[in-house]
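So this one's start.cif, mmCIF, C-alpha atoms and all ligand atoms:
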data_my_file
loop_
_atom_site.label_atom_id
_atom_site.label_comp_id
_atom_site.auth_asym_id
_atom_site.auth_seq_id
_atom_site.Cartn_x
_atom_site.Cartn_y
_atom_site.Cartn_z
CA MET A 1 7.02 73.49 -10.29
CA VAL A 2 8.32 70.09 -9.20
CA ARG A 3 10.15 68.28 -11.94
CA ALA A 4 9.06 64.79 -12.72
CA PRO A 5 12.22 62.99 -11.40
CA ASP A 6 12.00 64.94 -8.10
CA PHE A 7 8.36 64.03 -7.73
CA LEU A 8 9.18 60.36 -8.19
CA GLU A 9 12.02 60.58 -5.70
CA ASN A 10 9.70 62.14 -3.12
CA LEU A 11 7.05 59.59 -3.69
CA THR A 12 9.54 56.76 -3.18
CA ARG A 13 10.75 58.38 0.02
CA ILE A 14 7.22 58.83 1.32
CA PHE A 15 6.37 55.24 0.64
CA SER A 16 9.54 53.85 2.14
CA TRP A 17 8.95 56.04 5.16
CA ALA A 18 5.45 54.69 5.51
CA GLN A 19 6.87 51.20 5.35
CA VAL A 20 9.44 51.93 8.03
CA ALA A 21 6.74 53.51 10.21
CA ALA A 22 4.48 50.52 9.81
CA LYS A 23 7.33 48.22 10.71
CA TYR A 24 8.16 50.35 13.76
CA LEU A 25 4.57 50.28 14.94
CA ASN A 26 4.51 46.52 14.57
CA MET A 27 7.70 46.25 16.57
CA LYS A 28 6.16 48.29 19.38
CA ARG A 29 3.13 46.04 19.42
CA SER A 30 5.29 42.94 19.45
CA PRO A 31 5.21 41.10 22.82
CA LEU A 32 8.98 40.80 22.46
CA GLY A 33 9.33 44.61 22.40
CA LEU A 34 11.46 46.61 20.04
CA GLN A 35 14.65 44.66 20.63
CA GLY A 36 12.92 41.26 20.32
CA ALA A 37 11.09 42.25 17.19
CA TYR A 38 14.31 43.47 15.64
CA THR A 39 16.04 40.19 16.48
CA ARG A 40 13.05 38.30 15.05
CA HIS A 41 13.29 40.46 11.94
CA LEU A 42 16.96 39.45 11.62
CA ASN A 43 16.12 35.84 12.28
CA LEU A 44 13.74 35.84 9.36
CA ARG A 45 16.79 36.24 7.20
CA GLN A 46 18.38 33.13 8.78
CA PRO A 47 17.39 29.65 7.54
CA PRO A 48 14.39 28.54 9.64
CA THR A 49 15.25 26.17 12.47
CA PRO A 50 13.20 22.94 12.15
CA ILE A 51 10.40 22.72 14.71
CA HIS A 52 10.95 18.95 15.05
CA PRO A 53 14.68 18.27 14.73
CA PRO A 54 15.28 14.88 13.03
CA ASN A 55 15.10 12.15 15.62
CA PRO A 56 18.38 10.16 15.50
CA ASN A 57 16.55 7.06 16.77
CA LYS A 58 14.15 7.01 13.82
CA ARG A 59 14.56 6.09 10.17
CA GLY A 60 12.70 7.82 7.37
CA LEU A 61 9.85 5.69 6.00
CA GLN A 62 11.34 5.78 2.50
CA ASP A 63 14.48 4.17 3.99
CA LEU A 64 12.63 1.12 5.34
CA THR A 65 13.63 -1.92 3.33
CA ILE A 66 11.73 -4.99 2.18
CA SER A 67 13.27 -6.98 5.03
CA ASP A 68 12.09 -4.37 7.56
CA LEU A 69 8.48 -4.54 6.37
CA CYS A 70 8.06 -8.10 5.07
CA TYR A 71 8.92 -11.68 5.98
CA TYR A 72 9.85 -14.19 3.26
CA TRP A 73 10.51 -17.79 4.30
CA ASP A 74 9.42 -19.87 1.30
CA THR A 75 10.24 -17.34 -1.41
CA LYS A 76 13.08 -14.95 -2.18
CA PRO A 77 12.59 -11.26 -1.34
CA PRO A 78 12.35 -9.22 -4.56
CA THR A 79 15.48 -7.37 -5.68
CA SER A 80 15.42 -3.60 -6.20
CA GLU A 81 15.29 -4.25 -9.99
CA GLN A 82 12.25 -6.47 -9.58
CA LEU A 83 10.52 -3.86 -7.40
CA ALA A 84 11.27 -1.16 -9.97
CA PHE A 85 9.90 -3.43 -12.72
CA ALA A 86 6.69 -3.95 -10.74
CA ASP A 87 6.28 -0.22 -10.06
CA LYS A 88 6.75 0.52 -13.77
CA LEU A 89 4.09 -1.93 -14.87
CA PHE A 90 1.53 -0.24 -12.61
CA VAL A 91 2.23 3.33 -13.81
CA PRO A 92 -1.19 4.65 -14.92
CA SER A 93 -1.69 5.23 -18.63
CA ARG A 94 -4.66 5.73 -20.97
CA HIS A 95 -5.45 2.02 -20.89
CA SER A 96 -4.41 1.16 -17.35
CA PRO A 97 -5.97 0.82 -14.85
CA LEU A 98 -9.28 0.14 -16.57
CA LYS A 99 -12.51 -0.89 -14.89
CA LEU A 100 -13.44 -4.08 -16.76
CA TRP A 101 -16.55 -5.48 -15.12
CA SER A 102 -18.67 -5.76 -11.98
CA ALA A 103 -20.60 -8.87 -10.99
CA ALA A 104 -22.81 -9.64 -8.03
CA LYS A 105 -23.10 -13.32 -9.04
CA PHE A 106 -20.42 -15.75 -10.11
CA ARG A 107 -22.48 -16.82 -13.12
CA THR A 108 -22.41 -13.25 -14.48
CA THR A 109 -18.60 -12.99 -14.51
CA PRO A 110 -17.20 -12.95 -18.09
CA ILE A 111 -16.00 -16.45 -18.89
CA THR A 112 -14.05 -15.82 -22.08
CA SER A 113 -11.28 -13.62 -20.63
CA ILE A 114 -7.82 -15.15 -20.64
CA GLU A 115 -5.91 -12.70 -18.46
CA PRO A 116 -4.60 -13.92 -15.09
CA GLU A 117 -6.65 -12.67 -12.13
CA VAL A 118 -5.84 -11.99 -8.49
CA ALA A 119 -8.56 -11.27 -5.92
CA PHE A 120 -8.37 -9.09 -2.80
CA LEU A 121 -10.38 -10.34 0.17
CA GLY A 122 -10.69 -9.50 3.84
CA ARG A 123 -12.99 -8.23 6.54
CA SER A 124 -15.06 -5.13 5.82
CA ASN A 125 -12.99 -2.00 6.41
CA VAL A 126 -9.65 -3.84 6.41
CA GLY A 127 -8.50 -1.49 3.62
CA LYS A 128 -8.98 -3.55 0.41
CA SER A 129 -10.25 -0.73 -1.80
CA SER A 130 -7.72 1.78 -0.41
CA LEU A 131 -4.87 -0.64 -1.05
CA LEU A 132 -6.07 -1.32 -4.60
CA ASN A 133 -6.11 2.42 -5.27
CA ALA A 134 -2.55 2.72 -3.93
CA ILE A 135 -1.44 -0.25 -6.07
CA MET A 136 -3.07 1.10 -9.23
CA GLY A 137 -1.95 4.69 -8.58
CA GLN A 138 -5.47 6.01 -9.08
CA GLU A 139 -8.61 6.54 -7.00
CA ILE A 140 -10.59 4.05 -9.05
CA CYS A 141 -12.13 1.91 -6.26
CA TRP A 142 -14.72 3.29 -3.92
CA THR A 143 -13.48 3.51 -0.34
CA SER A 144 -15.53 4.20 2.77
CA SER A 145 -15.17 4.28 6.53
CA LYS A 146 -18.55 2.50 6.70
CA PRO A 147 -18.40 -1.29 6.33
CA GLY A 148 -20.23 -3.25 3.64
CA ARG A 149 -20.11 -0.63 0.87
CA THR A 150 -18.48 -2.85 -1.78
CA ARG A 151 -21.35 -5.13 -2.80
CA GLU A 152 -20.06 -6.63 -6.04
CA MET A 153 -16.86 -8.12 -7.39
CA ASN A 154 -15.16 -5.31 -9.33
CA ALA A 155 -12.46 -6.14 -11.88
CA PHE A 156 -9.68 -3.77 -13.01
CA GLY A 157 -7.26 -4.41 -15.87
CA ILE A 158 -3.57 -3.47 -15.51
CA GLY A 159 -0.87 -3.01 -18.14
CA GLY A 160 -3.25 -2.97 -21.09
CA THR A 161 -2.52 -1.41 -24.45
CA LYS A 162 -4.89 -0.03 -27.08
CA GLY A 163 -6.97 -2.94 -28.29
CA GLY A 164 -4.69 -5.34 -26.43
CA GLU A 165 -5.39 -7.52 -23.46
CA HIS A 166 -4.37 -6.64 -19.92
CA LYS A 167 -1.36 -8.20 -18.24
CA VAL A 168 -3.20 -8.87 -15.01
CA VAL A 169 -6.69 -8.28 -13.61
CA LEU A 170 -7.23 -7.20 -9.99
CA LEU A 171 -10.50 -7.90 -8.20
CA ASP A 172 -11.93 -5.88 -5.33
CA MET A 173 -14.31 -8.14 -3.40
CA PRO A 174 -17.10 -7.45 -0.89
CA GLY A 175 -15.78 -7.79 2.66
CA TYR A 176 -16.76 -10.40 5.22
CA GLY A 177 -17.76 -9.74 8.82
CA LYS A 178 -19.59 -6.54 9.77
CA ALA A 179 -22.41 -5.51 7.40
CA SER A 180 -21.66 -8.37 5.00
CA ARG A 181 -24.26 -10.77 3.63
CA ALA A 182 -24.28 -14.54 3.46
CA GLU A 183 -25.10 -14.53 -0.27
CA TRP A 184 -21.94 -12.51 -1.02
CA GLY A 185 -19.93 -15.22 0.76
CA MET A 186 -21.60 -17.90 -1.39
CA GLU A 187 -20.82 -16.07 -4.63
CA ILE A 188 -17.23 -15.38 -3.59
CA MET A 189 -16.69 -19.05 -2.70
CA LYS A 190 -18.10 -20.06 -6.09
CA TYR A 191 -15.68 -17.62 -7.76
CA LEU A 192 -12.68 -18.84 -5.72
CA GLN A 193 -13.39 -22.48 -6.46
CA GLY A 194 -14.57 -22.21 -10.05
CA ARG A 195 -12.67 -19.35 -11.67
CA LYS A 196 -9.99 -20.75 -13.99
CA GLN A 197 -8.33 -17.35 -14.46
CA LEU A 198 -7.68 -16.97 -10.71
CA ARG A 199 -3.99 -17.28 -9.85
CA ARG A 200 -3.96 -16.21 -6.21
CA ALA A 201 -6.25 -14.69 -3.60
CA PHE A 202 -4.74 -12.03 -1.35
CA ILE A 203 -6.28 -12.00 2.11
CA LEU A 204 -5.85 -8.74 3.96
CA ILE A 205 -5.43 -8.80 7.73
CA ASP A 206 -5.57 -5.58 9.73
CA SER A 207 -2.12 -5.37 11.34
CA GLU A 208 -3.55 -3.43 14.27
CA HIS A 209 -5.98 -6.23 15.19
CA GLY A 210 -4.23 -9.36 13.89
CA ILE A 211 -6.06 -12.55 12.84
CA LYS A 212 -9.66 -12.40 14.13
CA LYS A 213 -12.00 -15.39 14.52
CA ASN A 214 -13.65 -14.88 11.12
CA ASP A 215 -10.22 -14.42 9.45
CA ALA A 216 -9.13 -17.76 10.94
CA GLU A 217 -12.33 -19.41 9.62
CA ILE A 218 -11.71 -18.02 6.12
CA LEU A 219 -8.10 -19.23 6.21
CA GLN A 220 -9.36 -22.68 7.18
CA LEU A 221 -11.76 -22.65 4.20
CA PHE A 222 -8.93 -21.71 1.83
CA ARG A 223 -6.86 -24.62 3.11
CA HIS A 224 -9.80 -27.00 2.95
CA TYR A 225 -10.51 -26.16 -0.72
CA ALA A 226 -6.78 -25.80 -1.56
CA ILE A 227 -7.20 -22.28 -2.95
CA PRO A 228 -3.79 -20.59 -3.51
CA HIS A 229 -3.59 -17.63 -1.15
CA GLN A 230 -1.27 -15.11 0.44
CA ILE A 231 -1.62 -12.79 3.43
CA ILE A 232 -1.08 -9.03 3.28
CA LEU A 233 -1.04 -7.00 6.48
CA SER A 234 -2.80 -3.70 5.94
CA LYS A 235 -2.62 -0.43 7.92
CA VAL A 236 0.94 -1.13 9.09
CA ASP A 237 1.24 2.58 9.97
CA LYS A 238 -0.71 1.71 13.12
CA VAL A 239 1.98 -0.78 14.20
CA LEU A 240 4.86 1.55 13.41
CA ALA A 241 3.51 4.40 15.54
CA LYS A 242 0.49 5.48 17.55
CA THR A 243 -0.46 8.50 15.47
CA LYS A 244 -0.16 9.41 11.81
CA LYS A 245 1.96 12.43 12.76
CA GLN A 246 4.42 10.19 14.63
CA VAL A 247 4.72 7.68 11.81
CA LYS A 248 5.36 10.46 9.30
CA SER A 249 8.46 11.47 11.25
CA GLY A 250 9.90 7.95 10.73
CA ALA A 251 9.96 4.51 12.31
CA SER A 252 11.98 3.61 15.39
CA ALA A 253 14.10 0.45 15.57
CA VAL A 254 11.79 -0.78 18.35
CA SER A 255 8.68 -0.47 16.18
CA VAL A 256 10.35 -2.30 13.28
CA GLN A 257 11.40 -5.10 15.66
CA ARG A 258 7.84 -5.25 17.01
CA LEU A 259 6.54 -5.67 13.46
CA GLN A 260 9.06 -8.42 12.68
CA LYS A 261 8.12 -10.29 15.86
CA MET A 262 4.45 -10.02 14.93
CA LEU A 263 5.14 -11.50 11.48
CA GLU A 264 7.12 -14.39 12.94
CA GLU A 265 4.32 -15.17 15.37
CA MET A 266 1.78 -15.10 12.54
CA ARG A 267 3.70 -17.64 10.45
CA PRO A 268 2.30 -20.82 12.08
CA GLN A 269 -1.22 -19.35 11.97
CA VAL A 270 -1.19 -18.73 8.21
CA GLN A 271 0.83 -21.82 7.39
CA PRO A 272 0.05 -24.48 9.99
CA ASP A 273 2.05 -27.67 10.18
CA VAL A 274 1.06 -29.84 7.20
CA ARG A 275 0.76 -32.89 9.47
CA VAL A 276 -2.13 -31.33 11.37
CA SER A 277 -3.65 -28.90 8.87
CA GLU A 278 -6.61 -29.65 6.64
CA GLY A 279 -4.84 -28.52 3.44
CA PRO A 280 -2.11 -26.32 1.97
CA GLY A 281 -1.52 -23.10 3.91
CA ALA A 282 -0.75 -19.60 2.68
CA LEU A 283 2.31 -18.85 0.58
CA GLY A 284 5.34 -18.47 2.81
CA GLU A 285 5.66 -14.71 2.64
CA LEU A 286 4.01 -11.94 4.62
CA VAL A 287 4.01 -8.45 3.16
CA THR A 288 2.88 -5.35 5.02
CA CYS A 289 1.77 -1.99 3.67
CA SER A 290 -0.10 1.22 4.33
CA ALA A 291 -2.39 2.91 1.85
CA ASP A 292 -2.51 5.92 4.15
CA ILE A 293 1.18 6.77 4.29
CA SER A 294 2.71 8.31 1.22
CA ILE A 295 6.50 8.05 1.06
CA GLY A 296 6.92 10.47 -1.84
CA GLY A 297 7.08 10.03 -5.59
CA GLY A 298 3.46 8.86 -5.66
CA GLN A 299 4.41 5.76 -3.63
CA PHE A 300 2.77 4.32 -0.54
CA LEU A 301 4.55 2.40 2.18
CA GLY A 302 5.16 -1.25 1.23
CA VAL A 303 3.00 -1.13 -1.90
CA ASN A 304 5.92 -2.01 -4.21
CA ALA A 305 6.24 -5.42 -2.47
CA VAL A 306 2.50 -6.03 -2.96
CA ARG A 307 2.84 -5.15 -6.66
CA TRP A 308 5.69 -7.63 -7.00
CA ALA A 309 3.63 -10.34 -5.26
CA ILE A 310 0.80 -9.73 -7.76
CA LEU A 311 3.13 -10.05 -10.74
CA SER A 312 4.73 -13.19 -9.30
CA ALA A 313 1.26 -14.71 -8.86
CA ALA A 314 0.40 -13.83 -12.47
CA GLY A 315 3.66 -15.32 -13.76
CA ILE A 316 5.04 -11.96 -14.93
CA ASP A 317 8.54 -12.14 -13.58
CA GLY A 318 10.32 -9.17 -15.19
CA SER A 319 12.97 -11.34 -16.80
CA LEU A 320 14.45 -10.40 -20.18
CA GLN A 321 11.46 -12.00 -21.85
CA GLY A 322 9.32 -9.23 -20.35
CA GLY A 323 7.07 -11.68 -18.63
CA GLN A 324 6.39 -13.75 -21.72
CA PRO A 325 6.92 -17.49 -21.44
CA VAL A 326 10.55 -18.41 -22.00
CA PRO A 327 10.81 -20.15 -25.40
CA LYS A 328 11.81 -23.78 -25.06
CA PRO A 329 15.15 -24.70 -26.65
CA PRO A 330 14.73 -26.82 -29.80
CA VAL A 331 14.66 -30.51 -29.02
CA ALA A 332 17.72 -32.23 -30.45
CA THR A 333 16.70 -35.01 -32.83
CA PRO A 334 18.94 -38.06 -32.68
CA GLU A 335 21.07 -38.28 -35.78
CA THR A 336 20.36 -41.25 -37.99
CA PRO A 337 23.47 -43.33 -38.57
N1 LIG A 401 -4.54 4.20 9.10
C1 LIG A 401 -4.90 3.63 7.95
N2 LIG A 401 -6.21 3.67 7.54
C2 LIG A 401 -6.54 3.06 6.38
C3 LIG A 401 -5.58 2.39 5.57
N3 LIG A 401 -6.22 1.86 4.50
C4 LIG A 401 -7.52 2.19 4.62
N4 LIG A 401 -7.74 2.91 5.74
C5 LIG A 401 -9.04 3.41 6.21
O1 LIG A 401 -9.88 2.30 6.52
C6 LIG A 401 -11.23 2.55 6.12
C7 LIG A 401 -11.73 1.45 5.22
O2 LIG A 401 -11.00 1.44 4.02
P1 LIG A 401 -11.53 0.69 2.69
O3 LIG A 401 -10.40 0.70 1.74
O4 LIG A 401 -12.82 1.28 2.23
O5 LIG A 401 -11.77 -0.78 3.27
P2 LIG A 401 -12.52 -2.04 2.60
O6 LIG A 401 -13.89 -2.07 3.19
O7 LIG A 401 -11.72 -3.22 3.02
O8 LIG A 401 -12.51 -1.84 1.11
C8 LIG A 401 -11.21 3.94 5.45
O9 LIG A 401 -11.65 4.88 6.41
C9 LIG A 401 -9.77 4.16 5.09
O10 LIG A 401 -9.41 5.53 5.10
C10 LIG A 401 -4.20 2.40 6.02
O11 LIG A 401 -3.29 1.85 5.40
N5 LIG A 401 -3.94 3.02 7.21
MG MG A 402 -14.11 -1.82 -0.30
#

Give the structure from this file in structure tokens form.
Amino acid sequence: MVRAPDFLENLTRIFSWAQVAAKYLNMKRSPLGLQGAYTRHLNLRQPPTPIHPPNPNKRGLQDLTISDLCYYWDTKPPTSEQLAFADKLFVPSRHSPLKLWSAAKFRTTPITSIEPEVAFLGRSNVGKSSLLNAIMGQEICWTSSKPGRTREMNAFGIGGTKGGEHKVVLLDMPGYGKASRAEWGMEIMKYLQGRKQLRRAFILIDSEHGIKKNDAEILQLFRHYAIPHQIILSKVDKVLAKTKKQVKSGASAVSVQRLQKMLEEMRPQVQPDVRVSEGPGALGELVTCSADISIGGGQFLGVNAVRWAILSAAGIDGSLQGGQPVPKPPVATPETP
């Protein structure tokens, strides 16, 4: 009779033999033959060689700086502390972001709210809703590849606490151009001109296509009615590289230079000479971003600069006062003799 330990030993041998046989058969079937398969087997133990070795002429997207992606001529570029402050304020929590209201007509917008508002405008499909999702760190706005799907003004509160008011309210607006309707334009203009809570309107321009005729007309309207506005260039991934795969492997110095040149050329279009223009132009800063390119840590390319621009517009500056108004020093009363 076979003793139990011997039985186990045999069983192990049989199984290891079967494994070796299977491996041998695989080697024979391998197009590389026995020798090649053996080498491949050894290679599996080596660290895998990268399929795409890092390109020395490219920089990782997470290494692109504010001055690579943006152009500030009237304002100071945010410091890394200010960018970190902005990112922190937008971290999702139980009370932020919060969908506050939707309104198809200006007269149905809530009038009693006191929080500062910023509105996102642009042609249909320019990437407004996608950018707002990237800013808020949550898929809260409806995005679509079909134009004209956002039909109402949708308001989202940021930085709120339980029972407390929000620090800033972001508005996703219906787009203009393809599949838009004249009545939406009327309501949006009423909002832009009449809304006391509005601090700044952000106009998105598709960086692949630049300023189109209807963008230029909108910019002219903003100047005419002196509505504070700023330009954001969306879909910058398309300027940095031809395909998504290429842009994910980094940005070349040439593509960054191309972007900078484009921003410089756009400056007189968004801020024409005051002597010839019909009113005040856009704020002197151009920020670019991509809601399609994640750079790790839940961040999207250039979105931190957009967050900072929102907070600056709302007067939340990240100083020691935590965005609250700086208390005025007591007024010295003249001493009576
Ligand atoms: N390549 C690229 N595509 C984007 C980006 N942002 C949005 N899109 C695409 O553009 C289309 C329209 O986006 P959406 O946010 O709905 O635009 P909206 O109409 O302006 O709100 C969708 O198919 C998005 O996936 C971006 O940064 N890069
Ligand atoms: Mg939309």

Exercise. Which of these residues is nearest to ligand LIG 401 (chain A), using all atoms listed in the file: A:Gln271, A:Ser255, A:Ser93, A:Ser124?
Worked result: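 Nearest to ligand LIG 401 (chain A): A:Ser124.
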
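Distance annotation: of A:Glu165, A:Glu265, A:Asp68, A:Asp172, the residue with the minimal separation from ligand MG 402 (chain A) is A:Asp172; atom set is all atoms listed in the file.
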
For this session: With all atoms listed in the file counted, collect every polymer residue having an atom within 9 Å of ligand MG 402 (chain A); state the result as a ChimeraX atom specification.
Result: /A:124-130,141-144,147-151,172-175

Seminar exercise, completed: Across A:Ile293, A:Ala251, A:Ile310, A:Leu219, the smallest distance to Ala119 in chain A, with all atoms listed in the file counted, is shown by A:Ile310

Exercise. Closest to ligand LIG 401 (chain A) among A:Ser80, A:Ser207, A:Thr109, A:Gln230, using all atoms listed in the file?
Worked result: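 The closest residue to ligand LIG 401 (chain A) is A:Ser207.
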
Exercise. At what distance in Å, to one decimal, does CA of Leu171 in chain A lie from CA of Lys88 in chain A?
Worked result: 20.0 Å

For this session: One decimal, Å: what's the distance from CA of Pro268 in chain A over to CA of Ile316 in chain A, could you say?
Result: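 Distance between the two atoms: 28.6 Å.
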
Show me the residues around (1.5, 5.7, 6.0) - criterion: an atom at most 10 Å away, all atoms listed in the file counted - as a PDB file with C-alpha atoms, in the frame of the given file.
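Full text of result31.pdb as output:
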ATOM      1  CA  LEU A  61       9.850   5.690   6.000  1.00  0.00           C
ATOM      2  CA  LYS A 235      -2.620  -0.430   7.920  1.00  0.00           C
ATOM      3  CA  VAL A 236       0.940  -1.130   9.090  1.00  0.00           C
ATOM      4  CA  ASP A 237       1.240   2.580   9.970  1.00  0.00           C
ATOM      5  CA  LYS A 238      -0.710   1.710  13.120  1.00  0.00           C
ATOM      6  CA  LEU A 240       4.860   1.550  13.410  1.00  0.00           C
ATOM      7  CA  ALA A 241       3.510   4.400  15.540  1.00  0.00           C
ATOM      8  CA  LYS A 244      -0.160   9.410  11.810  1.00  0.00           C
ATOM      9  CA  LYS A 245       1.960  12.430  12.760  1.00  0.00           C
ATOM     10  CA  VAL A 247       4.720   7.680  11.810  1.00  0.00           C
ATOM     11  CA  LYS A 248       5.360  10.460   9.300  1.00  0.00           C
ATOM     12  CA  GLY A 250       9.900   7.950  10.730  1.00  0.00           C
ATOM     13  CA  CYS A 289       1.770  -1.990   3.670  1.00  0.00           C
ATOM     14  CA  SER A 290      -0.100   1.220   4.330  1.00  0.00           C
ATOM     15  CA  ALA A 291      -2.390   2.910   1.850  1.00  0.00           C
ATOM     16  CA  ASP A 292      -2.510   5.920   4.150  1.00  0.00           C
ATOM     17  CA  ILE A 293       1.180   6.770   4.290  1.00  0.00           C
ATOM     18  CA  SER A 294       2.710   8.310   1.220  1.00  0.00           C
ATOM     19  CA  ILE A 295       6.500   8.050   1.060  1.00  0.00           C
ATOM     20  CA  PHE A 300       2.770   4.320  -0.540  1.00  0.00           C
ATOM     21  CA  LEU A 301       4.550   2.400   2.180  1.00  0.00           C
ATOM     22  CA  GLY A 302       5.160  -1.250   1.230  1.00  0.00           C
TER      23      GLY A 302
END

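Distances from A:Pro92, A:Gly177, A:Pro116, A:Gly60 to ligand LIG 401 (chain A) were compared using all atoms listed in the file, and the smallest one belongs to A:Gly177.
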
For this session: Name all residues at most 9 Å from Lys167 in chain A (count all atoms listed in the file; drop same-chain ones fewer than 5 positions away) and give them as an MDAnalysis selection string.
Result: chainID A and resid 89 115:116 157:160 311 314 316

May I have the selected residues written with C-alpha atoms, as a PDB file, keeping the file's coordinate frame?
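again30.pdb written:
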ATOM      1  CA  LEU A  89       4.090  -1.930 -14.870  1.00  0.00           C
ATOM      2  CA  GLU A 115      -5.910 -12.700 -18.460  1.00  0.00           C
ATOM      3  CA  PRO A 116      -4.600 -13.920 -15.090  1.00  0.00           C
ATOM      4  CA  GLY A 157      -7.260  -4.410 -15.870  1.00  0.00           C
ATOM      5  CA  ILE A 158      -3.570  -3.470 -15.510  1.00  0.00           C
ATOM      6  CA  GLY A 159      -0.870  -3.010 -18.140  1.00  0.00           C
ATOM      7  CA  GLY A 160      -3.250  -2.970 -21.090  1.00  0.00           C
ATOM      8  CA  LEU A 311       3.130 -10.050 -10.740  1.00  0.00           C
ATOM      9  CA  ALA A 314       0.400 -13.830 -12.470  1.00  0.00           C
ATOM     10  CA  ILE A 316       5.040 -11.960 -14.930  1.00  0.00           C
TER      11      ILE A 316
END

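If all atoms listed in the file are the atoms counted, then among A:Phe90, A:Tyr72, A:Phe85, A:Tyr176 the closest residue to ligand LIG 401 (chain A) is A:Tyr176.
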
For this session: Between CA of Thr65 in chain A and CA of Ala253 in chain A, measure the distance and give it in Å to one decimal.
Result: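 Straight-line distance from CA of Thr65 in chain A to CA of Ala253 in chain A works out to 12.5 Å.
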
Report, as lines of an AutoDock Vina configuration file, the axis-aligned box around all atoms of range 264-281 of chain A present in the file, extended by 5 Å on each side; give centre and edge lengths in Å to one decimal place.
center_x = 0.3
center_y = -23.6
center_z = 8.7
size_x = 23.7
size_y = 28.5
size_z = 23.4

Output file: range 232-248 of chain A, N, CA and C atoms, as an mmCIF file, in the first residue's frame:
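What follows is the written file result-v1.cif:
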data_model
loop_
_atom_site.group_PDB
_atom_site.id
_atom_site.type_symbol
_atom_site.label_atom_id
_atom_site.label_comp_id
_atom_site.auth_asym_id
_atom_site.auth_seq_id
_atom_site.Cartn_x
_atom_site.Cartn_y
_atom_site.Cartn_z
ATOM 1 N N ILE A 232 -11.536 81.542 -22.613
ATOM 2 C CA ILE A 232 -10.873 80.268 -22.292
ATOM 3 C C ILE A 232 -10.783 79.485 -23.602
ATOM 4 N N LEU A 233 -9.613 78.976 -23.901
ATOM 5 C CA LEU A 233 -9.491 78.134 -25.103
ATOM 6 C C LEU A 233 -9.668 76.673 -24.715
ATOM 7 N N SER A 234 -10.708 76.057 -25.274
ATOM 8 C CA SER A 234 -10.993 74.663 -24.941
ATOM 9 C C SER A 234 -10.295 73.713 -25.923
ATOM 10 N N LYS A 235 -10.298 72.440 -25.597
ATOM 11 C CA LYS A 235 -9.779 71.360 -26.459
ATOM 12 C C LYS A 235 -8.345 71.615 -26.903
ATOM 13 N N VAL A 236 -7.510 72.095 -25.981
ATOM 14 C CA VAL A 236 -6.130 72.441 -26.353
ATOM 15 C C VAL A 236 -5.332 71.186 -26.733
ATOM 16 N N ASP A 237 -5.828 70.018 -26.353
ATOM 17 C CA ASP A 237 -5.162 68.770 -26.766
ATOM 18 C C ASP A 237 -5.006 68.707 -28.278
ATOM 19 N N LYS A 238 -5.959 69.318 -28.990
ATOM 20 C CA LYS A 238 -5.928 69.258 -30.454
ATOM 21 C C LYS A 238 -4.847 70.167 -31.045
ATOM 22 N N VAL A 239 -4.385 71.140 -30.248
ATOM 23 C CA VAL A 239 -3.300 72.010 -30.723
ATOM 24 C C VAL A 239 -1.960 71.363 -30.371
ATOM 25 N N LEU A 240 -1.931 70.667 -29.238
ATOM 26 C CA LEU A 240 -0.670 70.089 -28.785
ATOM 27 C C LEU A 240 -0.246 68.875 -29.614
ATOM 28 N N ALA A 241 -1.211 68.156 -30.159
ATOM 29 C CA ALA A 241 -0.877 67.005 -31.007
ATOM 30 C C ALA A 241 -2.066 66.639 -31.880
ATOM 31 N N LYS A 242 -1.790 65.841 -32.912
ATOM 32 C CA LYS A 242 -2.856 65.485 -33.862
ATOM 33 C C LYS A 242 -3.834 64.485 -33.265
ATOM 34 N N THR A 243 -3.295 63.490 -32.557
ATOM 35 C CA THR A 243 -4.179 62.459 -32.001
ATOM 36 C C THR A 243 -4.075 62.444 -30.477
ATOM 37 N N LYS A 244 -5.091 61.836 -29.866
ATOM 38 C CA LYS A 244 -5.127 61.743 -28.407
ATOM 39 C C LYS A 244 -3.946 60.906 -27.899
ATOM 40 N N LYS A 245 -3.608 59.862 -28.681
ATOM 41 C CA LYS A 245 -2.509 58.974 -28.301
ATOM 42 C C LYS A 245 -1.194 59.765 -28.262
ATOM 43 N N GLN A 246 -1.008 60.620 -29.293
ATOM 44 C CA GLN A 246 0.222 61.417 -29.366
ATOM 45 C C GLN A 246 0.320 62.380 -28.192
ATOM 46 N N VAL A 247 -0.804 63.047 -27.906
ATOM 47 C CA VAL A 247 -0.765 64.063 -26.841
ATOM 48 C C VAL A 247 -0.531 63.405 -25.479
ATOM 49 N N LYS A 248 -0.983 62.178 -25.330
ATOM 50 C CA LYS A 248 -0.795 61.486 -24.047
ATOM 51 C C LYS A 248 0.675 61.175 -23.783
#
